[in-house]
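Engineer: Below is the file target.cif, with mmCIF, C-alpha atoms.
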data_final
loop_
_atom_site.label_atom_id
_atom_site.label_comp_id
_atom_site.auth_asym_id
_atom_site.auth_seq_id
_atom_site.Cartn_x
_atom_site.Cartn_y
_atom_site.Cartn_z
CA MET P 221 74.13 22.08 127.48
CA PRO P 222 73.52 18.23 127.74
CA GLN P 223 75.99 16.12 125.75
CA GLU P 224 74.38 14.24 122.86
CA SER P 225 74.61 10.39 122.93
CA PRO P 226 76.35 8.67 120.02
CA LEU P 227 74.10 6.94 117.54
CA MET P 228 74.34 3.15 117.08
CA ALA P 229 73.74 1.12 113.94
CA VAL P 230 73.82 -2.59 113.04
CA THR P 231 75.96 -3.64 110.11
CA GLY P 232 75.55 -7.35 109.50
CA SER P 233 76.03 -8.94 112.98
CA THR P 234 78.21 -6.14 114.28
CA LEU P 235 77.11 -3.28 116.40
CA VAL P 236 79.00 -0.17 115.46
CA LEU P 237 78.92 3.47 116.40
CA ALA P 238 77.65 5.71 113.66
CA ALA P 239 79.29 9.00 113.03
CA PRO P 240 77.69 11.75 115.03
CA PRO P 241 75.58 14.18 113.13
CA PRO P 242 77.51 17.17 111.99
CA ALA P 243 77.44 19.94 114.46
CA ALA P 244 75.50 22.92 113.43
CA SER P 245 77.84 25.45 111.88
CA PRO P 246 78.09 28.54 113.97
CA ALA P 247 76.55 31.56 112.43
CA PRO P 248 79.20 33.54 110.59
CA ALA P 249 80.49 36.45 112.53
CA PRO P 250 79.14 39.68 111.17
CA THR P 251 81.69 41.38 109.00
CA ALA P 252 82.78 44.80 109.99
CA SER P 253 80.80 47.40 108.22
CA PRO P 254 82.84 49.60 105.88
CA ALA P 255 80.93 52.56 107.22
CA PRO P 256 83.40 53.28 110.07
CA ALA P 257 86.30 53.24 107.60
CA ARG P 258 84.46 55.67 105.37
CA ALA P 259 83.62 57.80 108.38
CA ARG P 260 87.27 57.87 109.43
CA ALA P 261 88.26 58.93 105.91
CA ARG P 262 85.73 61.74 106.03
CA THR P 263 86.97 62.93 109.43
CA ARG P 264 90.52 63.29 108.16
CA GLY P 265 91.41 66.79 107.09
CA PRO P 266 91.53 67.65 103.38
CA TYR P 267 95.31 67.85 103.41
CA ALA P 268 95.65 64.47 105.12
CA ARG P 269 93.47 62.98 102.38
CA LEU P 270 95.52 64.81 99.77
CA PHE P 271 98.83 63.33 100.89
CA SER P 272 97.49 59.86 101.64
CA ARG P 273 97.93 58.95 97.97
CA PRO P 274 101.10 57.03 97.08
CA GLY P 275 103.95 59.19 95.82
CA THR P 276 102.42 62.56 96.65
CA ARG P 277 104.66 63.26 99.63
CA GLY P 278 107.77 62.37 97.67
CA PHE P 279 107.11 64.55 94.65
CA THR P 280 105.97 67.39 96.92
CA ALA P 281 109.24 67.26 98.87
CA GLY P 282 111.21 67.47 95.63
CA ASN P 283 108.93 70.19 94.35
CA LEU P 284 109.53 72.37 97.43
CA LEU P 285 113.30 71.91 97.23
CA ALA P 286 113.32 72.83 93.54
CA ARG P 287 110.96 75.76 94.03
CA LEU P 288 112.83 77.43 96.90
CA PRO P 289 115.65 78.72 94.62
CA MET P 290 113.09 80.69 92.60
CA GLY P 291 113.08 83.20 95.44
CA MET P 292 116.86 83.02 95.82
CA PHE P 293 118.38 83.54 92.39
CA GLY P 294 117.39 87.18 91.81
CA VAL P 295 118.52 88.42 95.23
CA SER P 296 121.69 86.32 95.08
CA ALA P 297 122.62 87.63 91.62
CA VAL P 298 122.11 91.25 92.64
CA MET P 299 124.16 90.89 95.82
CA MET P 300 126.91 88.93 94.07
CA ILE P 301 127.26 91.23 91.04
CA ALA P 302 126.91 94.47 93.00
CA GLY P 303 129.35 93.25 95.62
CA GLN P 304 132.01 92.17 93.13
CA ARG P 305 131.48 94.78 90.39
CA GLY P 306 130.24 97.67 92.52
CA SER P 307 127.29 98.44 90.23
CA TYR P 308 123.65 97.96 91.12
CA ALA P 309 122.73 99.18 87.64
CA LEU P 310 124.65 96.27 86.09
CA ALA P 311 123.14 93.84 88.58
CA GLY P 312 119.63 95.06 87.84
CA ALA P 313 120.16 94.90 84.09
CA VAL P 314 121.46 91.33 84.28
CA THR P 315 118.49 90.11 86.35
CA ALA P 316 116.04 91.98 84.10
CA THR P 317 117.57 90.23 81.08
CA GLY P 318 117.08 86.90 82.82
CA LEU P 319 113.41 87.66 83.44
CA ALA P 320 112.91 88.66 79.81
CA ALA P 321 114.60 85.46 78.64
CA THR P 322 112.43 83.41 80.97
CA ALA P 323 109.29 85.00 79.55
CA LEU P 324 110.35 83.82 76.08
CA VAL P 325 111.78 80.40 76.91
CA ALA P 326 109.45 79.15 79.67
CA PRO P 327 106.38 78.48 77.45
CA TRP P 328 108.58 76.65 74.94
CA THR P 329 110.07 74.48 77.71
CA ALA P 330 106.60 73.76 79.08
CA ARG P 331 105.42 72.76 75.60
CA LEU P 332 108.22 70.20 75.43
CA VAL P 333 107.23 68.92 78.87
CA ASP P 334 103.66 68.36 77.70
CA ARG P 335 104.85 66.51 74.62
CA HIS P 336 107.70 64.38 75.99
CA GLY P 337 106.97 64.14 79.72
CA GLN P 338 108.24 65.92 82.81
CA ALA P 339 111.27 63.75 83.58
CA ARG P 340 112.61 63.62 80.01
CA VAL P 341 112.57 67.41 79.60
CA ALA P 342 112.80 68.91 83.10
CA VAL P 343 116.04 67.20 84.10
CA PRO P 344 118.17 68.31 81.10
CA ALA P 345 116.56 71.77 81.20
CA THR P 346 117.51 72.04 84.88
CA VAL P 347 121.07 70.97 84.13
CA ILE P 348 121.37 73.78 81.55
CA ALA P 349 120.02 76.29 84.08
CA VAL P 350 122.43 75.08 86.77
CA LEU P 351 125.35 75.37 84.34
CA GLY P 352 124.22 78.93 83.61
CA SER P 353 124.31 79.74 87.32
CA LEU P 354 127.77 78.23 87.70
CA SER P 355 128.95 80.17 84.65
CA LEU P 356 127.62 83.38 86.20
CA VAL P 357 129.57 82.72 89.40
CA LEU P 358 132.74 82.00 87.43
CA CYS P 359 132.37 85.09 85.23
CA VAL P 360 131.76 87.36 88.20
CA ARG P 361 134.65 85.84 90.12
CA THR P 362 137.14 86.13 87.25
CA GLN P 363 136.13 89.68 86.26
CA ALA P 364 134.99 88.48 82.83
CA PRO P 365 133.44 91.02 80.42
CA ALA P 366 129.96 92.24 81.29
CA TRP P 367 128.34 90.54 78.31
CA THR P 368 129.26 87.15 79.77
CA LEU P 369 127.11 87.92 82.81
CA PHE P 370 124.11 88.58 80.61
CA ALA P 371 124.67 85.41 78.60
CA SER P 372 125.18 83.25 81.68
CA TYR P 373 122.09 84.50 83.50
CA ALA P 374 119.99 84.21 80.35
CA ALA P 375 120.83 80.48 80.29
CA THR P 376 118.94 80.05 83.57
CA ALA P 377 115.73 80.78 81.63
CA THR P 378 115.48 77.05 80.90
CA THR P 379 114.55 76.43 84.55
CA PRO P 380 111.30 74.43 84.42
CA ASN P 381 108.17 75.81 86.03
CA THR P 382 108.16 73.42 88.98
CA GLY P 383 104.96 74.83 90.43
CA GLY P 384 103.16 74.31 87.12
CA MET P 385 104.42 70.73 86.83
CA SER P 386 103.28 70.02 90.38
CA ARG P 387 99.83 71.43 89.67
CA ALA P 388 99.68 69.27 86.55
CA ARG P 389 100.37 66.20 88.68
CA TRP P 390 97.58 67.03 91.11
CA THR P 391 95.20 67.56 88.21
CA HIS P 392 96.17 64.16 86.82
CA LEU P 393 95.85 62.35 90.17
CA LEU P 394 92.78 63.90 91.78
CA PRO P 395 89.10 64.11 91.01
CA ARG P 396 87.93 67.61 90.28
CA SER P 397 86.27 67.87 93.70
CA GLU P 398 89.74 67.88 95.32
CA HIS P 399 91.46 70.28 92.94
CA HIS P 400 90.62 73.28 95.13
CA THR P 401 92.56 71.91 98.11
CA ALA P 402 95.55 70.97 95.95
CA MET P 403 95.67 74.37 94.25
CA SER P 404 95.41 76.11 97.64
CA PHE P 405 98.35 74.09 98.91
CA GLU P 406 100.38 74.96 95.82
CA GLN P 407 99.68 78.66 96.29
CA ALA P 408 100.75 78.43 99.93
CA ALA P 409 103.92 76.67 98.80
CA ASP P 410 104.63 79.48 96.34
CA GLU P 411 104.30 82.07 99.07
CA LEU P 412 106.43 80.06 101.51
CA CYS P 413 109.26 79.67 98.99
CA PHE P 414 109.19 83.30 97.92
CA MET P 415 109.16 84.31 101.59
CA LEU P 416 112.06 82.09 102.69
CA GLY P 417 114.11 82.25 99.47
CA PRO P 418 115.26 85.89 99.64
CA VAL P 419 115.95 85.61 103.38
CA LEU P 420 118.09 82.51 102.87
CA ALA P 421 119.90 84.07 99.90
CA ALA P 422 120.69 87.29 101.76
CA PHE P 423 121.95 85.33 104.76
CA LEU P 424 124.25 83.12 102.68
CA CYS P 425 125.64 86.00 100.63
CA THR P 426 126.47 88.06 103.73
CA ALA P 427 127.38 85.40 106.29
CA ALA P 428 129.42 83.17 103.96
CA PHE P 429 130.62 84.72 100.67
CA PRO P 430 128.87 86.63 97.84
CA GLU P 431 128.55 83.59 95.57
CA ALA P 432 127.09 81.33 98.27
CA GLY P 433 123.46 82.18 97.53
CA THR P 434 123.74 81.32 93.84
CA LEU P 435 125.67 78.10 94.50
CA ALA P 436 123.21 76.94 97.16
CA GLY P 437 120.27 77.76 94.90
CA ALA P 438 121.77 75.76 92.04
CA ALA P 439 122.36 72.76 94.31
CA LEU P 440 118.81 72.89 95.70
CA LEU P 441 117.31 73.23 92.22
CA LEU P 442 119.12 70.20 90.82
CA THR P 443 118.53 68.03 93.90
CA GLY P 444 114.87 68.93 94.13
CA MET P 445 114.25 68.32 90.43
CA LEU P 446 115.88 64.88 90.61
CA VAL P 447 113.70 63.95 93.59
CA PHE P 448 110.59 65.37 91.93
CA THR P 449 111.04 63.57 88.62
CA ALA P 450 112.04 60.29 90.32
CA HIS P 451 108.38 59.74 91.28
CA ARG P 452 107.31 58.61 87.83
CA ALA P 453 104.05 56.95 88.95
CA THR P 454 102.50 60.37 89.65
CA GLU P 455 103.68 61.96 86.40
CA PRO P 456 100.98 62.87 83.87
CA PRO P 457 101.28 60.94 80.61
CA ALA P 458 103.04 62.74 77.79
CA THR P 459 101.00 63.52 74.72
CA GLY P 460 103.77 62.32 72.40
CA VAL P 461 102.52 64.49 69.56
CA PRO P 462 103.60 67.94 68.32
CA ALA P 463 101.83 70.88 69.90
CA ALA P 464 100.30 71.86 66.56
CA ALA P 465 98.45 68.54 66.43
CA LEU P 466 96.72 69.27 69.75
CA GLY P 467 94.75 72.20 68.41
CA PRO P 468 95.01 75.94 69.00
CA SER P 469 97.62 77.38 71.32
CA PRO P 470 96.66 77.87 74.99
CA LEU P 471 97.48 81.54 74.42
CA ARG P 472 94.22 81.98 72.51
CA ALA P 473 92.16 80.27 75.21
CA LEU P 474 93.89 82.07 78.08
CA LEU P 475 94.20 85.53 76.55
CA PRO P 476 91.21 86.93 78.51
CA LEU P 477 92.81 85.72 81.74
CA LEU P 478 96.36 86.85 81.10
CA GLY P 479 95.51 90.54 81.48
CA LEU P 480 93.83 89.81 84.81
CA LEU P 481 96.88 87.85 85.96
CA ALA P 482 99.21 90.65 84.87
CA ALA P 483 97.15 93.17 86.88
CA THR P 484 97.37 90.87 89.89
CA GLY P 485 101.14 90.66 89.44
CA ALA P 486 101.25 94.46 89.38
CA VAL P 487 99.69 94.40 92.85
CA PHE P 488 102.64 92.37 94.14
CA GLY P 489 105.36 94.35 92.37
CA SER P 490 104.08 97.80 93.29
CA MET P 491 103.39 96.81 96.91
CA GLU P 492 106.95 95.55 97.39
CA VAL P 493 108.61 98.66 95.98
CA ALA P 494 106.26 101.02 97.82
CA SER P 495 106.90 99.24 101.12
CA ILE P 496 110.69 99.25 100.74
CA ALA P 497 110.70 102.94 99.81
CA HIS P 498 108.30 103.92 102.59
CA LEU P 499 110.27 102.13 105.29
CA ALA P 500 113.49 103.64 104.00
CA ALA P 501 111.91 107.10 104.16
CA LEU P 502 111.02 106.44 107.80
CA GLY P 503 114.60 105.40 108.54
CA LEU P 504 113.52 101.78 108.99
CA GLY P 505 115.10 100.22 105.94
CA GLY P 506 116.37 97.30 108.03
CA ALA P 507 112.76 96.29 108.74
CA SER P 508 111.90 95.84 105.06
CA GLY P 509 112.63 92.12 105.01
CA PRO P 510 110.58 91.14 108.09
CA VAL P 511 107.70 93.45 107.17
CA LEU P 512 107.46 92.10 103.62
CA ALA P 513 107.74 88.57 105.02
CA LEU P 514 104.56 89.28 106.98
CA GLN P 515 102.69 89.84 103.74
CA ALA P 516 103.94 86.52 102.33
CA ALA P 517 103.20 84.77 105.63
CA GLY P 518 99.64 86.08 105.57
CA SER P 519 99.15 84.79 102.04
CA CYS P 520 100.66 81.40 102.93
CA ALA P 521 98.41 80.95 105.97
CA ALA P 522 95.34 82.15 104.10
CA GLY P 523 96.08 79.78 101.22
CA LEU P 524 96.22 76.76 103.53
CA PHE P 525 93.05 77.81 105.32
CA TYR P 526 91.22 78.56 102.08
CA GLY P 527 91.97 75.01 100.95
CA THR P 528 89.76 73.69 103.76
CA ARG P 529 86.83 75.95 102.87
CA ARG P 530 84.32 76.00 100.06
CA PRO P 531 85.81 78.02 97.18
CA ARG P 532 84.37 81.42 96.36
CA SER P 533 84.01 83.00 92.97
CA LEU P 534 87.03 84.80 91.62
CA ARG P 535 85.08 88.05 91.45
CA THR P 536 84.27 87.83 95.17
CA CYS P 537 87.94 87.23 95.95
CA LEU P 538 88.94 90.21 93.80
CA LEU P 539 86.47 92.43 95.65
CA ALA P 540 88.10 91.40 98.93
CA LEU P 541 91.54 92.06 97.44
CA ALA P 542 90.59 95.56 96.26
CA ALA P 543 89.30 96.40 99.74
CA ALA P 544 92.36 94.95 101.47
CA MET P 545 94.79 96.89 99.26
CA ALA P 546 93.42 100.14 100.65
CA LEU P 547 94.64 99.19 104.14
CA PRO P 548 98.41 99.66 103.58
CA TRP P 549 97.72 102.98 101.88
CA ALA P 550 95.79 104.20 104.93
CA ALA P 551 98.34 102.75 107.36
CA ALA P 552 101.27 104.39 105.55
CA ALA P 553 99.62 107.80 106.01
CA THR P 554 99.81 107.36 109.80
CA GLY P 555 103.58 106.74 109.81
CA SER P 556 103.12 103.82 112.21
CA LEU P 557 105.26 100.73 111.56
CA ALA P 558 102.94 98.50 113.59
CA LEU P 559 99.87 99.58 111.64
CA LEU P 560 101.66 99.14 108.33
CA ALA P 561 102.86 95.66 109.29
CA GLY P 562 99.33 94.65 110.30
CA ALA P 563 97.87 96.09 107.11
CA LEU P 564 100.38 94.19 104.97
CA LEU P 565 99.55 90.98 106.83
CA LEU P 566 95.84 91.44 106.07
CA ALA P 567 96.58 92.45 102.47
CA GLY P 568 98.64 89.31 102.01
CA MET P 569 95.79 87.17 103.30
CA ALA P 570 93.56 88.55 100.53
CA THR P 571 95.93 87.58 97.72
CA ALA P 572 95.96 83.79 98.12
CA PRO P 573 92.25 83.17 97.30
CA VAL P 574 92.62 85.30 94.15
CA MET P 575 95.60 83.30 92.94
CA VAL P 576 93.93 79.98 93.75
CA GLY P 577 90.81 80.97 91.80
CA ALA P 578 92.78 82.36 88.87
CA MET P 579 94.95 79.24 88.58
CA ALA P 580 91.85 77.06 88.73
CA LEU P 581 90.46 78.97 85.76
CA VAL P 582 93.74 78.59 83.89
CA GLN P 583 93.59 74.88 84.52
CA ARG P 584 90.02 74.59 83.22
CA ALA P 585 90.51 76.87 80.20
CA THR P 586 93.72 75.25 78.93
CA PRO P 587 93.18 72.76 76.07
CA PRO P 588 93.79 69.08 76.95
CA GLY P 589 97.38 67.93 76.78
CA ARG P 590 98.85 71.44 77.15
CA LEU P 591 98.45 72.14 80.86
CA ASN P 592 102.14 72.79 81.55
CA GLU P 593 102.25 75.30 78.71
CA GLY P 594 99.10 76.99 80.00
CA MET P 595 100.51 77.25 83.52
CA SER P 596 103.75 78.65 82.15
CA LEU P 597 101.88 81.35 80.23
CA ALA P 598 100.02 82.27 83.42
CA VAL P 599 103.25 82.58 85.41
CA THR P 600 104.78 84.66 82.62
CA ALA P 601 101.82 87.05 82.77
CA ILE P 602 102.19 87.37 86.54
CA MET P 603 105.93 88.04 86.27
CA THR P 604 105.29 90.64 83.58
CA GLY P 605 102.82 92.35 85.89
CA ILE P 606 105.30 92.26 88.77
CA ALA P 607 107.97 93.91 86.62
CA ALA P 608 105.54 96.58 85.37
CA GLY P 609 104.23 97.22 88.88
CA SER P 610 107.75 97.56 90.27
CA ALA P 611 108.80 100.01 87.55
CA THR P 612 105.64 102.10 87.91
CA ALA P 613 105.93 102.21 91.69
CA GLY P 614 109.54 103.36 91.41
CA GLN P 615 108.47 106.27 89.24
CA ALA P 616 105.64 107.11 91.65
CA VAL P 617 108.00 107.12 94.64
CA ASP P 618 110.39 109.52 92.91
CA ARG P 619 107.65 111.91 91.79
CA LEU P 620 104.90 111.63 94.41
CA GLY P 621 106.49 110.13 97.49
CA SER P 622 106.32 106.70 99.11
CA THR P 623 102.91 107.14 100.74
CA ALA P 624 101.23 108.05 97.46
CA ALA P 625 102.87 105.01 95.82
CA TYR P 626 100.63 102.79 97.95
CA ALA P 627 97.74 103.89 95.75
CA LEU P 628 99.16 101.75 92.94
CA PRO P 629 98.44 98.32 94.49
CA ALA P 630 94.89 99.43 95.17
CA ALA P 631 94.51 100.69 91.60
CA ALA P 632 95.95 97.45 90.19
CA ALA P 633 93.49 95.42 92.27
CA LEU P 634 90.60 97.51 90.94
CA LEU P 635 91.89 96.98 87.40
CA ALA P 636 91.96 93.21 87.97
CA LEU P 637 88.39 93.39 89.26
CA ALA P 638 87.29 95.32 86.17
CA LEU P 639 89.04 92.83 83.90
CA SER P 640 87.24 89.97 85.62
CA ALA P 641 83.97 91.39 84.33
CA ALA P 642 85.32 91.37 80.78
CA THR P 643 86.79 87.89 81.30
CA SER P 644 83.43 86.49 82.34
CA ARG P 645 82.21 86.91 78.76
CA PHE P 646 84.72 84.29 77.67
CA ILE P 647 85.22 82.14 80.78
CA ARG P 648 82.50 81.54 83.32
CA ILE P 649 83.96 82.71 86.65
CA VAL P 650 82.62 80.22 89.19
CA PRO P 651 84.09 78.44 92.22
CA ALA P 652 86.43 75.65 91.22
CA GLY P 653 84.40 73.13 93.18
CA GLU P 654 81.24 73.61 91.19
#
Represent the structure of the file as structure tokens.
Structural biologist:
Amino acid sequence: MPQESPLMAVTGSTLVLAAPPPAASPAPAPTASPAPARARARTRGPYARLFSRPGTRGFTAGNLLARLPMGMFGVSAVMMIAGQRGSYALAGAVTATGLAATALVAPWTARLVDRHGQARVAVPATVIAVLGSLSLVLCVRTQAPAWTLFASYAATATTPNTGGMSRARWTHLLPRSEHHTAMSFEQAADELCFMLGPVLAAFLCTAAFPEAGTLAGAALLLTGMLVFTAHRATEPPATGVPAAALGPSPLRALLPLLGLLAATGAVFGSMEVASIAHLAALGLGGASGPVLALQAAGSCAAGLFYGTRRPRSLRTCLLALAAAMALPWAAAATGSLALLAGALLLAGMATAPVMVGAMALVQRATPPGRLNEGMSLAVTAIMTGIAAGSATAGQAVDRLGSTAAYALPAAAALLALALSAATSRFIRIVPAGE
């Protein structure tokens, strides 16, 4: 390009150089379009998007640590009490008392969480539960009277519903379009913890000393809860008002769903007892743990996968569950361990979508400001169903045999399907993403 000559001008009798004309400003460089950034965000998986939000990884890590002991305490208590006192009847009665106390105390604890906030209530409630566990260890170790075992284990009923609090955080943080993925992850986390918890507890109680499982569970619970509640930025705001001022109890709104959840819990309880009894009858009692772990593993994997898919209606998921529950029954009739293990894996895969859909309905049916209480009621219904299913399956095994007991999970799944039709009159059963 030819160089421009400087301009000259006369000022009085002096010839001076005038300032050159300003160079033409270069055209501004085109700014990067935000489209590629949006495209990259869309190409990330749903779970990567889920945990890209600040604080979510931290509270999830604490949540998993605090939730793992939920699968440890029952097994640890049974092994510790039976090993030291020589009575499985006493051990079973103590753990049953703890479950009954939890059913009464958990909704009350959750109500306080809704009113005062997760950190203010969950930490002291966890401390009480940990002290109850330590008291149980001390009473068992010192051969204290039996009533002290019941009192100590009942104190653990103050353990907060960590899974419910975590679900409440996701609900607070995410738009409704992402709730399905978060609830699927939480269901997978439940299955993972209840799969690993008993295995870890049994290992500690046998490889170390009988009290090791309870002590490790107490340490994990307290550590996890402190980590979970430390992430205050993700905590839902407390209502700050008495529950009565928020309107009717969640129990009234959730009553149509609680029967369905109890029937679903009966599927889990009866399947576990039937499987343990059937494998023992085949002389394969040592395989009970790994075989039952397959069912939990199938549910965990299916939960994570279901979180990446478009949600289906709860009724569709219950239809799939009812069909899948017939598989272990048929496999048990063949006497083949491989077929039974495969059937339990497939049956487990059918449970996760049901639980995800049911919890989504609980979330949407619970009155505002009472989500933790609503989640606690749902968990209580499931635990009640598990206890009823276990007791019924035990009776069926004694009277009809272990193979016939596999009819109970299938019957419970059909009952849940029938109850979903009645529930639809009160709560519209649709995919959570709609």
Engineer: Could you tell me how far atom CA of Gln515 of chain P sits from atom CA of Ala578 of chain P, in Å to one decimal place?
Structural biologist: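 Atom-to-atom, atom CA of Ala578 of chain P to atom CA of Gln515 of chain P, that is 19.4 Å.
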Engineer: How far is it from atom CA of Gly479 of chain P to atom CA of Leu639 of chain P, in Å with one decimal?
Structural biologist: 7.3 Å
Engineer: Report the distance between atom CA of Val341 of chain P and atom CA of Leu288 of chain P in Å, rounded to one decimal place.
Structural biologist: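 Computing it gives 20.0 Å between the two atoms.
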Engineer: Run the PyMOL selection byres ((chain P and resi 582) around 8) on the file and write out the hits as a list in words.
Structural biologist: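 Those residues are Leu474, Leu477, Ala578, Met579, Ala580, Leu581, Gln583, Arg584, Ala585, Thr586, Gly594, Met595 and Ala598 of chain P.
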Engineer: Just the residues within 12 Å of Asp334 of chain P, please, counting all atoms listed in the file, with nothing from its chain fewer than 2 positions along; format it as a PyMOL selection string.
Structural biologist: chain P and resi 327-332+336-342+380+384-385+388-389+455-463+466+587-596
Engineer: Can you tell me which residues surround Gly318 of chain P at a distance of at most 7 Å, considering only C-alpha atoms, apart from same-chain residues fewer than 5 positions away, and format the answer as an MDAnalysis selection string?
Structural biologist: chainID P and resid 373:374 377
Engineer: Taking all atoms of segment 330-345 of chain P that appear in the file, build a box with edges along x, y and z, extend it by 5 Å on every side, and state its centre and edge lengths in Å to one decimal, as lines of an AutoDock Vina configuration file.
Structural biologist:
center_x = 110.9
center_y = 68.7
center_z = 79.4
size_x = 24.5
size_y = 20.1
size_z = 19.5
Engineer: When the PyMOL selection byres ((chain P and resi 320) around 12) is applied to the file above, which residues end up in the set, as a PyMOL selection string?
Structural biologist: chain P and resi 313-319+321-326+370+373-378+600-601+603-604+607
Engineer: So what does the PyMOL selection byres ((chain P and resi 496) around 10) actually pick up in this one, as a list in words?
Structural biologist: Met491, Glu492, Val493, Ala494, Ser495, Ala497, His498, Leu499, Ala500, Ala501, Leu504, Gly505, Gly506, Ala507, Ser508, Gly509, Val511, Leu512 and Ser622 of chain P
Engineer: Can you tell me which residues surround segment 527-529 of chain P at a distance of at most 12 Å, considering all atoms listed in the file, apart from same-chain residues fewer than 2 positions away, and format the answer as a PDB file with C-alpha atoms, keeping the file's coordinate frame?
Structural biologist:
ATOM      1  CA  ARG P 264      90.520  63.290 108.160  1.00  0.00           C
ATOM      2  CA  GLY P 265      91.410  66.790 107.090  1.00  0.00           C
ATOM      3  CA  PRO P 266      91.530  67.650 103.380  1.00  0.00           C
ATOM      4  CA  TYR P 267      95.310  67.850 103.410  1.00  0.00           C
ATOM      5  CA  ALA P 268      95.650  64.470 105.120  1.00  0.00           C
ATOM      6  CA  ARG P 269      93.470  62.980 102.380  1.00  0.00           C
ATOM      7  CA  LEU P 270      95.520  64.810  99.770  1.00  0.00           C
ATOM      8  CA  SER P 397      86.270  67.870  93.700  1.00  0.00           C
ATOM      9  CA  GLU P 398      89.740  67.880  95.320  1.00  0.00           C
ATOM     10  CA  HIS P 399      91.460  70.280  92.940  1.00  0.00           C
ATOM     11  CA  HIS P 400      90.620  73.280  95.130  1.00  0.00           C
ATOM     12  CA  THR P 401      92.560  71.910  98.110  1.00  0.00           C
ATOM     13  CA  ALA P 402      95.550  70.970  95.950  1.00  0.00           C
ATOM     14  CA  MET P 403      95.670  74.370  94.250  1.00  0.00           C
ATOM     15  CA  SER P 404      95.410  76.110  97.640  1.00  0.00           C
ATOM     16  CA  PHE P 405      98.350  74.090  98.910  1.00  0.00           C
ATOM     17  CA  GLU P 406     100.380  74.960  95.820  1.00  0.00           C
ATOM     18  CA  GLN P 407      99.680  78.660  96.290  1.00  0.00           C
ATOM     19  CA  ALA P 408     100.750  78.430  99.930  1.00  0.00           C
ATOM     20  CA  CYS P 520     100.660  81.400 102.930  1.00  0.00           C
ATOM     21  CA  ALA P 521      98.410  80.950 105.970  1.00  0.00           C
ATOM     22  CA  ALA P 522      95.340  82.150 104.100  1.00  0.00           C
ATOM     23  CA  GLY P 523      96.080  79.780 101.220  1.00  0.00           C
ATOM     24  CA  LEU P 524      96.220  76.760 103.530  1.00  0.00           C
ATOM     25  CA  PHE P 525      93.050  77.810 105.320  1.00  0.00           C
ATOM     26  CA  PRO P 531      85.810  78.020  97.180  1.00  0.00           C
ATOM     27  CA  ARG P 532      84.370  81.420  96.360  1.00  0.00           C
ATOM     28  CA  ALA P 572      95.960  83.790  98.120  1.00  0.00           C
ATOM     29  CA  PRO P 573      92.250  83.170  97.300  1.00  0.00           C
ATOM     30  CA  VAL P 576      93.930  79.980  93.750  1.00  0.00           C
ATOM     31  CA  GLY P 577      90.810  80.970  91.800  1.00  0.00           C
ATOM     32  CA  PRO P 651      84.090  78.440  92.220  1.00  0.00           C
ATOM     33  CA  ALA P 652      86.430  75.650  91.220  1.00  0.00           C
ATOM     34  CA  GLY P 653      84.400  73.130  93.180  1.00  0.00           C
TER      35      GLY P 653
END
